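What follows is query.txt (compact mmCIF, C-alpha atoms).
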# COMPACT_ATOMS: atom_id res chain seq x y z
CA MET G 1 25.38 22.04 19.16
CA THR G 2 23.28 25.22 19.10
CA SER G 3 23.00 25.14 15.31
CA PHE G 4 22.00 21.45 15.45
CA LYS G 5 19.18 22.22 17.92
CA TYR G 6 18.06 25.10 15.71
CA LEU G 7 17.99 22.76 12.70
CA LEU G 8 15.86 20.24 14.60
CA LYS G 9 13.36 22.96 15.47
CA LYS G 10 13.12 23.95 11.81
CA ILE G 11 12.22 20.39 10.73
CA SER G 12 8.42 19.98 10.62
CA PRO G 13 6.60 16.77 11.65
CA GLU G 14 5.60 16.33 7.98
CA GLN G 15 9.26 16.37 6.95
CA VAL G 16 10.10 13.89 9.71
CA PHE G 17 7.33 11.63 8.41
CA MET G 18 8.55 11.89 4.80
CA GLY G 19 12.09 11.00 5.86
CA SER G 20 10.80 8.15 8.00
CA ILE G 21 8.73 6.64 5.17
CA LEU G 22 11.68 6.93 2.79
CA LEU G 23 13.68 4.96 5.36
CA VAL G 24 10.86 2.40 5.67
CA ASN G 25 10.72 1.99 1.89
CA GLY G 26 14.48 1.59 1.84
CA GLY G 27 14.24 -1.07 4.56
CA ASN G 28 11.51 -2.91 2.66
CA TYR G 29 13.65 -2.88 -0.46
CA LEU G 30 16.62 -4.17 1.54
CA TYR G 31 14.35 -6.92 2.90
CA ASN G 32 13.38 -8.04 -0.60
CA ILE G 33 16.88 -7.67 -2.02
CA LEU G 34 18.40 -9.83 0.72
CA LEU G 35 15.70 -12.49 0.26
CA GLY G 36 16.21 -12.44 -3.52
CA ARG G 37 19.97 -12.85 -3.19
CA ILE G 38 19.84 -15.48 -0.43
CA LEU G 39 17.08 -17.63 -1.96
CA GLY G 40 17.59 -17.30 -5.74
CA PRO G 41 14.81 -16.77 -8.34
CA GLU G 42 12.88 -20.02 -7.81
CA ALA G 43 12.64 -19.95 -4.01
CA TYR G 44 12.22 -16.17 -4.04
CA ALA G 45 9.01 -16.63 -6.06
CA ASP G 46 7.24 -18.09 -2.98
CA ALA G 47 8.67 -15.40 -0.69
CA ALA G 48 7.65 -12.68 -3.14
CA LEU G 49 4.14 -14.13 -3.22
CA LEU G 50 3.84 -13.58 0.54
CA VAL G 51 5.18 -10.04 0.15
CA THR G 52 2.53 -9.47 -2.53
CA LEU G 53 -0.16 -10.82 -0.20
CA LEU G 54 1.17 -8.40 2.43
CA LEU G 55 0.58 -5.58 -0.06
CA VAL G 56 -2.95 -6.89 -0.62
CA LEU G 57 -3.51 -6.75 3.15
CA SER G 58 -2.07 -3.24 3.27
CA PHE G 59 -4.70 -2.06 0.79
CA LEU G 60 -7.51 -3.69 2.79
CA GLY G 61 -6.11 -2.21 5.99
CA MET G 62 -5.90 1.15 4.26
CA THR G 63 -9.71 1.19 4.13
CA PHE G 64 -9.75 1.40 7.92
CA GLN G 65 -6.81 3.79 8.01
CA LEU G 66 -8.24 6.28 5.51
CA ALA G 67 -11.72 6.21 7.07
CA THR G 68 -10.21 6.81 10.51
CA THR G 69 -8.02 9.59 9.09
CA LYS G 70 -10.93 11.42 7.48
CA PHE G 71 -13.25 11.27 10.47
CA ALA G 72 -10.49 12.02 12.97
CA VAL G 73 -10.41 15.41 11.25
CA ILE G 74 -14.20 15.83 11.12
CA PHE G 75 -15.43 14.32 14.42
CA THR G 76 -14.75 15.63 17.91
CA GLY G 77 -15.74 14.72 21.46
CA THR G 78 -18.28 11.93 21.91
CA ASP G 79 -18.77 11.45 18.16
CA TRP G 80 -15.06 10.74 17.74
CA GLU G 81 -14.93 8.35 20.70
CA ASN G 82 -17.97 6.41 19.46
CA PHE G 83 -16.58 6.27 15.94
CA ARG G 84 -13.16 5.05 17.13
CA ASN G 85 -14.67 2.34 19.32
CA ARG G 86 -16.89 1.17 16.45
CA THR G 87 -14.00 1.12 13.97
CA TYR G 88 -11.70 -0.94 16.22
CA LYS G 89 -14.46 -3.51 16.59
CA GLN G 90 -15.05 -3.67 12.83
CA ALA G 91 -11.31 -3.95 12.16
CA LEU G 92 -10.95 -6.88 14.54
CA VAL G 93 -13.95 -8.72 13.07
CA ALA G 94 -12.74 -8.14 9.51
CA GLY G 95 -9.25 -9.31 10.47
CA LEU G 96 -10.56 -12.53 11.97
CA LEU G 97 -12.67 -13.24 8.87
CA VAL G 98 -9.76 -12.71 6.47
CA ALA G 99 -7.45 -14.75 8.71
CA SER G 100 -9.89 -17.66 8.74
CA VAL G 101 -9.90 -17.65 4.92
CA PHE G 102 -6.10 -17.89 4.80
CA VAL G 103 -5.99 -20.69 7.38
CA TYR G 104 -8.93 -22.73 6.09
CA PHE G 105 -8.02 -22.49 2.40
CA ALA G 106 -4.24 -22.80 2.85
CA LYS G 107 -4.00 -25.99 0.77
CA ASP G 108 -6.17 -24.53 -1.97
CA LEU G 109 -3.91 -21.46 -2.09
CA GLN G 110 -0.92 -23.77 -2.33
CA GLY G 111 -2.43 -25.38 -5.43
CA ILE G 112 -3.44 -22.10 -7.08
CA PHE G 113 -0.04 -20.45 -6.67
CA GLN G 114 2.10 -23.61 -7.00
CA THR G 115 3.95 -23.14 -3.70
CA LYS G 116 5.95 -25.78 -1.83
CA SER G 117 4.00 -25.58 1.42
CA PRO G 118 0.57 -24.46 2.69
CA TYR G 119 1.97 -23.46 6.09
CA MET G 120 3.28 -20.14 4.79
CA PHE G 121 -0.34 -19.01 4.33
CA ILE G 122 -1.32 -20.22 7.82
CA ALA G 123 1.57 -18.32 9.43
CA LEU G 124 0.57 -15.13 7.62
CA GLY G 125 -3.10 -15.64 8.54
CA PHE G 126 -2.46 -15.58 12.28
CA GLY G 127 -1.09 -12.04 12.08
CA ILE G 128 -3.88 -10.50 10.00
CA PRO G 129 -6.22 -9.34 12.85
CA LEU G 130 -3.28 -7.42 14.34
CA TYR G 131 -2.69 -5.70 11.00
CA PHE G 132 -6.24 -4.39 10.78
CA VAL G 133 -6.16 -3.06 14.35
CA MET G 134 -2.79 -1.45 13.59
CA SER G 135 -4.38 0.31 10.61
CA VAL G 136 -6.95 2.02 12.86
CA ASN G 137 -4.11 3.17 15.12
CA ARG G 138 -2.32 4.68 12.15
CA GLY G 139 -5.47 6.38 10.88
CA THR G 140 -5.87 8.08 14.27
CA TYR G 141 -2.32 9.41 14.19
CA GLN G 142 -2.62 10.44 10.52
CA GLY G 143 -5.92 12.29 10.99
CA HIS G 144 -4.64 14.15 14.06
CA GLN G 145 -1.40 14.80 12.12
CA ASN G 146 0.65 13.10 14.84
CA PHE G 147 3.34 12.19 12.34
CA ASN G 148 5.92 11.26 14.98
CA PHE G 149 3.82 8.37 16.32
CA LEU G 150 2.76 7.44 12.80
CA SER G 151 6.40 7.27 11.72
CA LEU G 152 7.31 5.15 14.74
CA SER G 153 4.59 2.59 13.92
CA TYR G 154 5.94 2.13 10.38
CA GLN G 155 9.52 1.90 11.66
CA THR G 156 8.82 -0.77 14.29
CA GLU G 157 6.88 -2.88 11.80
CA MET G 158 9.53 -2.70 9.08
CA TRP G 159 12.64 -3.32 11.21
CA SER G 160 11.06 -6.19 13.17
CA ARG G 161 9.98 -7.87 9.91
CA LEU G 162 13.48 -7.53 8.45
CA LEU G 163 15.31 -8.87 11.51
CA ILE G 164 12.88 -11.68 12.42
CA THR G 165 12.55 -12.94 8.84
CA LEU G 166 16.31 -12.99 8.22
CA GLY G 167 16.85 -14.75 11.56
CA PHE G 168 14.43 -17.54 10.63
CA VAL G 169 15.66 -17.83 7.02
CA LEU G 170 19.32 -18.06 8.00
CA PHE G 171 19.10 -20.22 11.12
CA CYS G 172 16.02 -22.46 10.74
CA PRO G 173 16.03 -25.53 8.46
CA TRP G 174 12.40 -25.38 7.31
CA ASP G 175 10.91 -23.97 4.10
CA PRO G 176 12.13 -20.35 3.64
CA ALA G 177 8.63 -19.15 2.69
CA LEU G 178 7.35 -20.32 6.11
CA SER G 179 10.08 -18.21 7.73
CA VAL G 180 8.92 -15.22 5.70
CA GLY G 181 5.30 -15.80 6.77
CA ILE G 182 6.29 -15.95 10.46
CA GLY G 183 8.41 -12.81 10.16
CA ILE G 184 5.57 -10.87 8.55
CA ALA G 185 3.03 -12.01 11.17
CA PHE G 186 5.28 -11.01 14.10
CA SER G 187 5.99 -7.62 12.54
CA PHE G 188 2.31 -6.69 12.88
CA LEU G 189 2.61 -7.09 16.64
CA PHE G 190 5.57 -4.71 16.75
CA GLY G 191 3.68 -2.30 14.46
CA LEU G 192 1.17 -1.75 17.27
CA VAL G 193 3.87 0.27 19.03
CA PRO G 194 2.90 2.94 19.96
CA SER G 195 -0.76 2.28 20.81
CA ASN G 196 -3.46 3.97 22.85
CA PHE G 197 -6.41 1.68 23.59
CA LYS G 198 -7.70 3.78 26.50
CA ASN G 199 -11.54 3.85 26.70
CA ILE G 200 -11.82 1.27 23.88
CA SER G 201 -14.31 -1.55 24.46
CA ILE G 202 -15.19 -3.88 21.60
CA ALA G 203 -18.14 -5.26 23.59
CA LYS G 204 -19.70 -1.80 23.94
CA PRO G 205 -22.56 -1.05 21.47
CA SER G 206 -21.90 1.68 18.93
CA GLY G 207 -23.23 5.03 20.15
CA LEU G 208 -22.65 6.80 16.85
CA ARG G 209 -25.68 8.79 15.68
CA LYS G 210 -27.61 7.33 12.72
CA ASN G 211 -26.96 10.22 10.35
CA LEU G 212 -23.22 9.93 11.05
CA VAL G 213 -23.34 6.15 10.64
CA ARG G 214 -24.76 6.59 7.12
CA ARG G 215 -22.01 9.06 6.23
CA VAL G 216 -19.29 6.80 7.62
CA ASN G 217 -20.67 3.69 5.92
CA ARG G 218 -20.88 5.44 2.55
CA PHE G 219 -17.26 6.57 2.73
CA PHE G 220 -16.13 3.21 4.10
CA ILE G 221 -17.84 1.15 1.37
CA LEU G 222 -16.57 3.33 -1.46
CA THR G 223 -13.06 3.44 -0.01
CA LEU G 224 -13.11 -0.35 0.30
CA GLY G 225 -14.18 -0.51 -3.34
CA TYR G 226 -11.25 1.64 -4.36
CA GLU G 227 -8.76 -0.30 -2.24
CA ILE G 228 -9.94 -3.51 -3.88
CA THR G 229 -9.32 -1.77 -7.20
CA GLN G 230 -5.81 -0.92 -5.98
CA ILE G 231 -5.26 -4.57 -5.09
CA ILE G 232 -6.32 -5.62 -8.58
CA ILE G 233 -4.19 -3.06 -10.41
CA ASN G 234 -1.13 -3.25 -8.17
CA ASN G 235 -0.92 -6.97 -7.49
CA SER G 236 -2.93 -8.99 -10.01
CA ASP G 237 0.00 -9.07 -12.46
CA ILE G 238 2.33 -10.78 -9.95
CA LEU G 239 -0.35 -13.25 -8.85
CA MET G 240 -1.27 -14.09 -12.45
CA VAL G 241 2.36 -14.46 -13.51
CA LYS G 242 2.84 -16.83 -10.55
CA HIS G 243 -0.12 -18.83 -11.89
CA TYR G 244 0.69 -18.81 -15.63
CA PHE G 245 4.52 -19.02 -15.61
CA GLU G 246 7.16 -21.31 -14.13
CA SER G 247 8.56 -20.49 -10.69
CA SER G 248 11.89 -19.27 -12.08
CA GLU G 249 10.16 -16.81 -14.43
CA ALA G 250 7.77 -15.73 -11.67
CA GLY G 251 10.74 -15.00 -9.41
CA LEU G 252 12.41 -12.94 -12.13
CA TYR G 253 9.19 -10.99 -12.69
CA ALA G 254 8.82 -10.37 -8.95
CA SER G 255 12.27 -8.75 -8.87
CA LEU G 256 11.31 -6.60 -11.87
CA ALA G 257 8.08 -5.52 -10.15
CA LEU G 258 9.87 -4.64 -6.92
CA ILE G 259 12.35 -2.34 -8.66
CA GLY G 260 9.79 -0.83 -11.03
CA ARG G 261 7.39 0.02 -8.21
CA VAL G 262 9.78 2.31 -6.37
CA VAL G 263 7.93 5.33 -7.77
CA TYR G 264 4.62 4.06 -6.37
CA PHE G 265 6.02 3.41 -2.91
CA VAL G 266 7.58 6.87 -2.71
CA ALA G 267 4.40 8.46 -4.12
CA TRP G 268 2.49 6.87 -1.25
CA ILE G 269 4.19 9.33 1.11
CA PHE G 270 2.43 12.19 -0.65
CA VAL G 271 -0.93 10.39 -0.54
CA MET G 272 -0.59 10.10 3.25
CA LEU G 273 0.04 13.84 3.52
CA LEU G 274 -2.54 14.84 0.91
CA LEU G 275 -5.69 13.37 2.45
CA PRO G 276 -5.77 15.11 5.87
CA GLU G 277 -4.66 18.42 4.29
CA VAL G 278 -7.44 18.30 1.67
CA VAL G 279 -10.09 17.42 4.27
CA GLN G 280 -8.89 20.24 6.55
CA ARG G 281 -8.98 22.79 3.71
CA GLU G 282 -12.47 21.70 2.64
CA LYS G 283 -13.66 21.93 6.25
CA LYS G 284 -12.40 25.54 6.37
CA GLY G 285 -13.92 26.41 2.98
CA GLU G 286 -10.51 26.91 1.34
CA SER G 287 -9.48 25.89 -2.19
CA THR G 288 -8.07 22.36 -2.40
CA THR G 289 -6.83 22.48 -6.01
CA PRO G 290 -3.39 23.96 -5.14
CA VAL G 291 -2.75 20.97 -2.86
CA LEU G 292 -3.54 18.57 -5.70
CA PHE G 293 -1.30 20.41 -8.18
CA ARG G 294 1.57 20.51 -5.70
CA TYR G 295 1.55 16.76 -5.08
CA VAL G 296 0.96 15.85 -8.73
CA GLY G 297 4.00 18.00 -9.58
CA TYR G 298 6.15 16.23 -6.98
CA ILE G 299 5.17 12.77 -8.17
CA SER G 300 5.46 13.57 -11.89
CA LEU G 301 9.02 14.85 -11.40
CA LEU G 302 9.88 11.82 -9.30
CA ALA G 303 8.33 9.42 -11.84
CA LEU G 304 10.18 10.96 -14.76
CA SER G 305 13.51 10.67 -12.92
CA ILE G 306 12.98 7.01 -12.01
CA VAL G 307 11.76 5.94 -15.46
CA LEU G 308 14.71 7.71 -17.07
CA GLY G 309 17.13 6.03 -14.67
CA CYS G 310 15.62 2.62 -15.41
CA TYR G 311 15.90 3.29 -19.15
CA LEU G 312 19.55 4.42 -19.05
CA PHE G 313 20.98 2.02 -16.45
CA PRO G 314 18.77 -1.10 -16.28
CA GLU G 315 21.57 -3.68 -15.99
CA LEU G 316 23.43 -1.68 -13.35
CA ILE G 317 20.27 -1.30 -11.24
CA ILE G 318 19.37 -4.99 -11.41
CA GLN G 319 22.99 -6.05 -10.83
CA LEU G 320 23.27 -3.90 -7.72
CA MET G 321 19.91 -4.94 -6.27
CA PHE G 322 19.49 -8.62 -7.14
CA GLY G 323 22.61 -9.85 -8.90
CA GLU G 324 23.43 -11.53 -12.21
CA ALA G 325 20.76 -14.22 -11.89
CA TYR G 326 18.09 -11.57 -12.59
CA LEU G 327 19.74 -9.68 -15.47
CA SER G 328 17.42 -11.14 -18.12
CA MET G 329 14.77 -8.64 -16.91
CA ALA G 330 16.88 -5.57 -17.75
CA ASP G 331 15.12 -4.71 -21.02
CA LEU G 332 11.71 -4.64 -19.32
CA LEU G 333 12.70 -2.51 -16.34
CA TRP G 334 11.90 0.94 -17.75
CA GLU G 335 8.61 -0.29 -19.23
CA TYR G 336 7.43 -1.63 -15.88
CA ALA G 337 8.55 1.59 -14.18
CA LEU G 338 6.53 3.58 -16.74
CA ALA G 339 3.38 1.56 -16.02
CA THR G 340 3.82 2.14 -12.29
CA ALA G 341 4.53 5.85 -12.77
CA LEU G 342 1.30 6.33 -14.71
CA PHE G 343 -0.61 4.51 -12.00
CA ALA G 344 1.00 6.59 -9.22
CA ILE G 345 0.03 9.90 -10.86
CA GLY G 346 -3.54 8.73 -11.53
CA ASN G 347 -3.72 7.50 -7.95
CA ILE G 348 -3.17 11.00 -6.58
CA PHE G 349 -6.20 12.26 -8.53
CA THR G 350 -8.37 9.41 -7.25
CA TYR G 351 -7.45 9.90 -3.58
CA TYR G 352 -7.97 13.65 -3.96
CA PHE G 353 -11.53 13.12 -5.21
CA LEU G 354 -12.16 10.39 -2.64
CA SER G 355 -11.24 12.77 0.18
CA LEU G 356 -13.82 15.23 -1.24
CA ASP G 357 -16.54 12.52 -1.45
CA ARG G 358 -16.38 12.36 -5.27
CA TYR G 359 -16.69 8.71 -6.20
CA VAL G 360 -16.82 8.51 -10.02
CA PRO G 361 -13.00 8.08 -10.25
CA VAL G 362 -13.32 5.06 -7.95
CA VAL G 363 -15.76 3.43 -10.37
CA ILE G 364 -13.48 4.23 -13.31
CA SER G 365 -10.50 2.68 -11.52
CA GLY G 366 -12.54 -0.43 -10.71
CA LEU G 367 -13.56 -0.97 -14.31
CA LEU G 368 -9.99 -0.54 -15.55
CA GLY G 369 -8.67 -2.82 -12.81
CA LEU G 370 -10.97 -5.58 -14.02
CA SER G 371 -9.90 -4.79 -17.58
CA GLN G 372 -6.28 -5.38 -16.58
CA ILE G 373 -7.08 -8.86 -15.28
CA ALA G 374 -9.02 -9.70 -18.44
CA ALA G 375 -6.24 -8.35 -20.67
CA ILE G 376 -3.46 -10.31 -18.90
CA ARG G 377 -5.62 -13.43 -19.01
CA LEU G 378 -5.87 -13.03 -22.79
CA PHE G 379 -2.35 -11.77 -23.48
CA HIS G 380 0.35 -13.55 -21.48
CA ALA G 381 2.47 -15.17 -24.17
CA SER G 382 5.55 -13.58 -22.58
CA LEU G 383 6.51 -11.41 -19.62
CA GLU G 384 7.05 -8.53 -22.03
CA GLN G 385 3.46 -8.78 -23.23
CA VAL G 386 2.20 -8.73 -19.62
CA VAL G 387 4.09 -5.48 -18.97
CA GLN G 388 2.91 -3.81 -22.19
CA VAL G 389 -0.71 -4.65 -21.40
CA GLN G 390 -0.33 -2.80 -18.11
CA ILE G 391 1.12 0.30 -19.78
CA MET G 392 -1.94 0.55 -22.03
CA ILE G 393 -4.37 0.13 -19.11
CA MET G 394 -2.54 2.72 -16.99
CA LEU G 395 -2.59 5.23 -19.86
CA LEU G 396 -6.35 4.82 -20.03
CA LEU G 397 -6.63 5.18 -16.25
CA LEU G 398 -4.63 8.41 -16.06
CA GLY G 399 -6.41 9.86 -19.09
CA SER G 400 -9.83 9.16 -17.58
CA GLN G 401 -8.87 10.77 -14.25
CA LEU G 402 -7.59 13.88 -16.02
CA MET G 403 -10.78 14.07 -18.07
CA PHE G 404 -12.94 13.84 -14.94
CA PHE G 405 -10.92 16.58 -13.27
CA ILE G 406 -11.27 18.91 -16.29
CA LEU G 407 -15.02 18.28 -16.56
CA ARG G 408 -15.51 18.93 -12.83
CA LYS G 409 -13.65 22.23 -13.09
CA ARG G 410 -15.66 23.35 -16.11
CA SER G 411 -18.97 22.53 -14.41
Write-out of the structure in structure tokens:
Amino acid sequence: MTSFKYLLKKISPEQVFMGSILLVNGGNYLYNILLGRILGPEAYADAALLVTLLLVLSFLGMTFQLATTKFAVIFTGTDWENFRNRTYKQALVAGLLVASVFVYFAKDLQGIFQTKSPYMFIALGFGIPLYFVMSVNRGTYQGHQNFNFLSLSYQTEMWSRLLITLGFVLFCPWDPALSVGIGIAFSFLFGLVPSNFKNISIAKPSGLRKNLVRRVNRFFILTLGYEITQIIINNSDILMVKHYFESSEAGLYASLALIGRVVYFVAWIFVMLLLPEVVQREKKGESTTPVLFRYVGYISLLALSIVLGCYLFPELIIQLMFGEAYLSMADLLWEYALATALFAIGNIFTYYFLSLDRYVPVVISGLLGLSQIAAIRLFHASLEQVVQVQIMIMLLLLGSQLMFFILRKRS
């Protein structure tokens, strides 16, 4: 017992957070695997579309989370309180606007993505304001490096989504995609645990000083631009495949994307740790380059291991995760994993520069994200061609980020 207590004392909050996010990623994979096995490729295509839209929301919410993280480190006292109050208000307004789009255009979305029902989009829409508010909560915990509360928020969201969704899918007779939408929406409510809304008033005018408002707005707008770029790069392929291909093929591709993106989801742990550490070091006048090199090294090693595993054992991996119905994607698994690995490494460079208020990499990512959409629109004769297009774009993205880093160091 004494040795166990000693071990617990030796575990840092950062290590607890890393373990927690690994568990969350594992739970999210279990969620998708169970849906894929229960529903089959065709019905899973609609469910996977909602999961993709959830990822889109996560990138939009990340704008609020990263801005809150950065200024939780920089601001103190009244400035911090005014900033937090202002950000909660903006998050709620943005959430209501996005939710109204989902609800109002539900039938149009049904036509674009060839889904069975529009109600899946309506169910998801009702939870969106909660997601944006939850993102501000998480940014507060991340910036103050309260990794225990941050971990708990991710855990409550993931487990509630898994249990509620499976309950509706297994025991309710309606369209499975509607069950998925309801499960996702309810999980946002549970993700608000823990919360601290003390002294928050959305009706109160912003008291943030004008010079600070300009600084916050600049970071917020550019971060939003980069998160939109992330949405384009990370999700446009699934959305476009859902549009251009039959439901069965779209479902197969969704399973491929889920497995191949494991490196990105794990790499996200390091992004969460990188940003507050870089901002703290810059605030103290210390070198930030060692932090970048450390996390790039971690992710590169991780990426190499996953791509190699996908190359050597593709059929085994797909068989274990989704079953025989999805085995036709085996040959493409390592290629998709390679595209994601390149993106994950380039992503670390971009977030590093973003935390230092260097915005050229954001512009580069935006241009290449639009290039990916244009390339898939032109070259989608097969799923293999869609994957190969992404590899080429991600090579260009990583190369451009490395070039910017080298030029910055030389200057």
(request) Determine the nearest neighbour of Ser305 in chain G from the options G:Arg281, G:Leu338, G:Asp331, G:Val360, counting only C-alpha atoms. (result) G:Leu338
(message) as JSON, numbers by chain, please: the residues near range 127-131 of chain G (cut-off 9 Å, all atoms listed in the file, same-chain neighbours under 6 positions excluded).
(response) {"G": [57, 58, 61, 91, 92, 93, 94, 95, 96, 97, 98, 99, 182, 184, 185, 186, 187, 188, 189, 191, 192]}
(message) Which residues are near range 212-225 of chain G? Cut-off 7 Å, only C-alpha atoms, ignore same chain within fewer than 5 positions. Put them as a PyMOL selection string.
(response) chain G and resi 60+63+67
(request) Could you please give me, as a ChimeraX atom specification, the residues of protein, DNA or RNA lying at most 12 Å from (9.2, 12.4, 8.1) in the coordinate frame of the file, considering only C-alpha atoms? (result) /G:11-24,145-152,154-155,269-270,272-273
Selection file, C-alpha atoms, as a compact mmCIF listing (two decimals), in the coordinates of the input:
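What landed in selection_2.txt:
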# COMPACT_ATOMS: atom_id res chain seq x y z
CA ILE G 11 12.22 20.39 10.73
CA SER G 12 8.42 19.98 10.62
CA PRO G 13 6.60 16.77 11.65
CA GLU G 14 5.60 16.33 7.98
CA GLN G 15 9.26 16.37 6.95
CA VAL G 16 10.10 13.89 9.71
CA PHE G 17 7.33 11.63 8.41
CA MET G 18 8.55 11.89 4.80
CA GLY G 19 12.09 11.00 5.86
CA SER G 20 10.80 8.15 8.00
CA ILE G 21 8.73 6.64 5.17
CA LEU G 22 11.68 6.93 2.79
CA LEU G 23 13.68 4.96 5.36
CA VAL G 24 10.86 2.40 5.67
CA GLN G 145 -1.40 14.80 12.12
CA ASN G 146 0.65 13.10 14.84
CA PHE G 147 3.34 12.19 12.34
CA ASN G 148 5.92 11.26 14.98
CA PHE G 149 3.82 8.37 16.32
CA LEU G 150 2.76 7.44 12.80
CA SER G 151 6.40 7.27 11.72
CA LEU G 152 7.31 5.15 14.74
CA TYR G 154 5.94 2.13 10.38
CA GLN G 155 9.52 1.90 11.66
CA ILE G 269 4.19 9.33 1.11
CA PHE G 270 2.43 12.19 -0.65
CA MET G 272 -0.59 10.10 3.25
CA LEU G 273 0.04 13.84 3.52
(request) Can you pull out every residue within 8 Å of Phe190 in chain G, counting all atoms listed in the file, but drop anything in the same chain fewer than 4 positions away, and send it as a ChimeraX atom specification? (result) /G:153,156-157,160,186
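Remark: for Tyr295 in chain G, the closest of the candidate residues G:Tyr311, G:Leu367, G:Phe349, G:Val262 is G:Phe349 (distances computed over all atoms listed in the file).
With only C-alpha atoms as the atoms that count, the minimum distance from Phe168 in chain G to the choices G:Leu35, G:Tyr264, G:Leu333, G:Ile373 is reached by G:Leu35.
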(request) Select, from G:Ser328, G:Ser382, G:Thr68, G:Thr76, the residue with the minimum atom-to-atom distance to Glu315 in chain G, counting all atoms listed in the file. (result) G:Ser328
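Restricting the calculation to only C-alpha atoms, the smallest distance between Ala337 in chain G and any of G:Ser100, G:Asn137, G:Gln388, G:Ser195 is found for G:Gln388.
Closest to Gly260 in chain G among G:Ile348, G:Met329, G:Met240, G:Val296 is G:Met329, based on all atoms listed in the file.
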